Amino acid sequence: MNTLLVMNSRFADIKEQTFNAIDNEGTCRMEKIVFPNNRLKKMIQTIFFSLFRCAATINALALFIVVYFMAANGLTAINWTFLTQPPTDAMTKGGIFPCIIGTLCLSLGAILIAFPVGVASAIYLSEYARPGKILRMIRLGINNLAGVPSVVFGLFGLAFFVVWMKLGVSILSGSLTLAAMSLPVIIGSTEEALRAVPETYREASLGLGATKWQTIYRVVLPAALPGILTGGILGISRAAGETAPIMFTAAVFYTPSLPTSPFDEIMALPYHIYVLATAGTEIEATRHLQYGTAIVLIALVLGMNIAAIIYRAKLRKKMS
Amino acid sequence: MSSLNPNKEKTVQSFFFMIALASILILLMISIFLFMEGLPILNHVSIKDFLFGEYWYPTSDPPDFGIFPLIIGSLSTTFVSAVLSIPLGVMTAIYLAEIASARFREIVKPMVELLAALPSVVIGFFGMVVLAPILQNTFDLTTGLNLFNASLMLGFMSIPTICSISEDAIYSVPSNLKEASLALGATHLETIIRVVLPAAISGISTAVILGMSRAIGETMVILMVAGGAAMVPESIFDPVRPLPASIAAEMAEAPFRGEHYAALFATGIVLFLFTFSFNLIADYISNKYRQVGDSTL
């Protein structure tokens with residue numbers, strides 16, 4: 001009885017308000033509900049919401065600040081010589097050409113290995129697998145693989161590819177290690193792309209008498225291809241930015257010649273930054289080279305990511 | 001078309017099944033090779049001395065292989081970074097999923113995604129050359145490369161993980177729950193705190209655990225900004241040497257298959273077990289307490 005009274009008095013307050021709870025998109029717009037006797041609540045809400053907004057802004061700013069500092073200090077170091085010449089004078093002058101080539105080799109190598117495996121895994125998970133113990137196991141495996149620390153991938157690469165398979169410190173060892181690491185990224189985005197293909201496509205194809213594999217190969221994959229390629233780009237960018245997995249498996253301090261075979265050791269952008277910033281004899285003198293290398297790496301990685309994000313946004317619009 | 005051998009369909013399916021097992025296989029291989037190279041350290045030191053020994057002097061004679069200071073280094077950086085990243089990440093997720101205008105979300109969401117894509121070596125470099133001098137001058141420290149700096153950088157590395165998974169969880173809370181709460185006279189804030197967050201709590205917990213798992217396994221940032229002193233920190237501005245930093249910094253100098261080499265692989269095992277159990281817990285929570293419709297609230 002008591003409760004009812006309280007509620008009644010509340011409703012009396014509400015009656016006087018303009019109620020505009022549903023907007024034209026059909027989603028609930030709650031902020032328009034205002035209770036006259038609840039100024040305090042309203043104030044608290046405003047304070048909290050500004051706090052949330054601050055948090056979101058800080059996160060967005062964090063990216064901006066990092067990129068800004070790198071660009072402000074690094075852009076002056078960038079010129080044609082820097083991008084096309086090898087380091088000279090014991091790495092204190094010259095460019096980073098071998099590092100750019102090295103990073104491209106490593107990440108392309110990684111994606112060549114991880115892409116087919118990742119896409120095939122995703123096809124199984126999304127098209128063939130039935131819910132059950134085995135599927136749970138595979139998913140658990142993928143989630144855990146995604147959580148393995150990058151330095152542990154480095155240890156694994158060293159013990160397995162470099163030593164046990166006798167591949168040595170080489171592009172091949174590094175690419176294989178990076179491939180193992182970027183596999184979950186590719187599986188995840190490919191699965192998302194396959195899920196986005198409407199069920200009616202599959203039903204139409206099966207209804208015309210196509211087999212399951214024909215349906216996947218001729219209907220589902222072509223429809224999902226753009227999404228899958230986006231995942232591939234994200235995989236490359238992930239592989240290009242990683243340092244720890246290549247430290248023991250592929251990257252070296254300095255090598256005078258460009259690689260000629262997959263069994264050569266190689267210089268790489270992220271490792272170059274690390275070495276110049278921490279291990280060189282002239283850490284202060286090479287600061288501008290460090291900033292320059294960092295900005296090249298950022299441009300490479302963020303460039304690929306931005307392309308993928310824009311492309312994906314376009315795809316989603318098209319699909320919906 | 002249908003004249004195809006029906007066996008072919010079976011073959012294709014088992015082919016994809018085999019490949020899907022690759023992830024599990026790699027995970028198995030990682031464990032096998034870590035243990036194969038790391039276990040020999042137990043010939044030189046007992047498990048207890050290895051895990052709880054207070055001295056890590058792998059190159060002195062006789063060497064000391066106690067990773068206790070490294071474990072504390074990892075746990076303390078992860079904990080301090082979580083103090084920063086959990087509130088920031090979850091609040092951002094709430095804002096993006098519940099409050100933000102479509103326009104604000106369209107700008108901020110990709111930026112958080114890009115923050116996740118920034119190479120860790122770049123963030124470590126930023127901590128070294130930009131943040132460290134600022135910290136050193138502001139707090140009048142001997143070095144700006146310390147626990148606090150590392151935690152700050154790690155925090156910003158785990159925020160995207162926490163934010164995006166939490167946002168998915170909050171976003172998928174059924175709207176009839178929110179509408180019911182609003183209809184009862186609750187304000188938007190009350191609805192978020194009393195209804196939406198409890199309904200999304202399993203997803204948010206998963207997000208937090210995965211974020212911390214990312215922080216504890218992160219290598220380059222820790223290697224470059226944590227300061228590298230293998231001792232138990234007494235203040236938040238002491239330099240530390242977490243597990244991944246030790247592995248990455250020393251592996252190049254450790255003699256192949258010597259004691260030090262094995263000790264570093266054993267350190268890798270400890271690190272692997274940390275992240276592995278974090279991931280198992282996250283997986284357990286997300287499966288066990290999944291919000292199904294509005295019946296379980």
# chains A, B, ... in the order shown; residues from 1 in each chain; ligands from 1
>>> residues_around(residues="A:Ile78", least_positions_apart="2", cutoff="9 Å", atoms="only C-alpha atoms", output="JSON, numbers by chain")
{"A": [74, 75, 76, 80, 81, 82, 83, 95, 289, 292, 293, 295, 296]}
>>> residues_around(residues="A:Ala196", least_positions_apart="6", cutoff="12 Å", atoms="only C-alpha atoms", output="JSON, numbers by chain")
{"A": [126, 189, 190, 202, 220, 221, 223, 224, 225, 226, 227, 228, 312, 315, 316, 317, 318, 319, 320]}
>>> residues_around(residues="B:Tyr289", least_positions_apart="5", cutoff="12 Å", atoms="only C-alpha atoms", output="list of chain:residue names")
B:Ala169, B:Pro198, B:Ala199, B:Ala200, B:Ile201, B:Ser202, B:Gly203, B:Ile204, B:Ser205, B:Thr206, B:Ile281, B:Ala282, B:Asp283, B:Tyr284, B:Ser295, B:Thr296, B:Leu297
>>> residues_around(residues="B:Thr92", least_positions_apart="2", cutoff="8 Å", atoms="only C-alpha atoms", output="PyMOL selection string")
(chain A and resi 52-53+55-56+59) or (chain B and resi 88-90+94-96+163)
>>> closest_residue(among="A:Met267, A:Ile65, A:Ala244, A:Ile100", to="B:Glu218", atoms="only C-alpha atoms")
A:Ala244
>>> decode(residues="stretch 283-302 of chain A", atoms="C-alpha atoms", output="PDB file, in the first residue's frame")
ATOM      1  CA  ILE A 283      71.752   7.218 -27.918  1.00  0.00           C
ATOM      2  CA  GLU A 284      71.359  11.002 -27.769  1.00  0.00           C
ATOM      3  CA  ALA A 285      73.082  11.647 -31.087  1.00  0.00           C
ATOM      4  CA  THR A 286      70.777   9.284 -32.956  1.00  0.00           C
ATOM      5  CA  ARG A 287      67.566  10.613 -31.382  1.00  0.00           C
ATOM      6  CA  HIS A 288      66.309  12.076 -34.657  1.00  0.00           C
ATOM      7  CA  LEU A 289      66.895   8.733 -36.386  1.00  0.00           C
ATOM      8  CA  GLN A 290      64.863   7.012 -33.663  1.00  0.00           C
ATOM      9  CA  TYR A 291      61.972   9.451 -34.052  1.00  0.00           C
ATOM     10  CA  GLY A 292      62.211   9.137 -37.822  1.00  0.00           C
ATOM     11  CA  THR A 293      62.090   5.344 -37.689  1.00  0.00           C
ATOM     12  CA  ALA A 294      59.182   5.484 -35.250  1.00  0.00           C
ATOM     13  CA  ILE A 295      57.163   7.763 -37.505  1.00  0.00           C
ATOM     14  CA  VAL A 296      57.785   5.489 -40.507  1.00  0.00           C
ATOM     15  CA  LEU A 297      56.607   2.485 -38.497  1.00  0.00           C
ATOM     16  CA  ILE A 298      53.547   4.390 -37.227  1.00  0.00           C
ATOM     17  CA  ALA A 299      52.677   5.517 -40.737  1.00  0.00           C
ATOM     18  CA  LEU A 300      52.986   1.962 -42.019  1.00  0.00           C
ATOM     19  CA  VAL A 301      50.922   0.340 -39.250  1.00  0.00           C
ATOM     20  CA  LEU A 302      48.281   3.013 -38.708  1.00  0.00           C
TER      21      LEU A 302
END
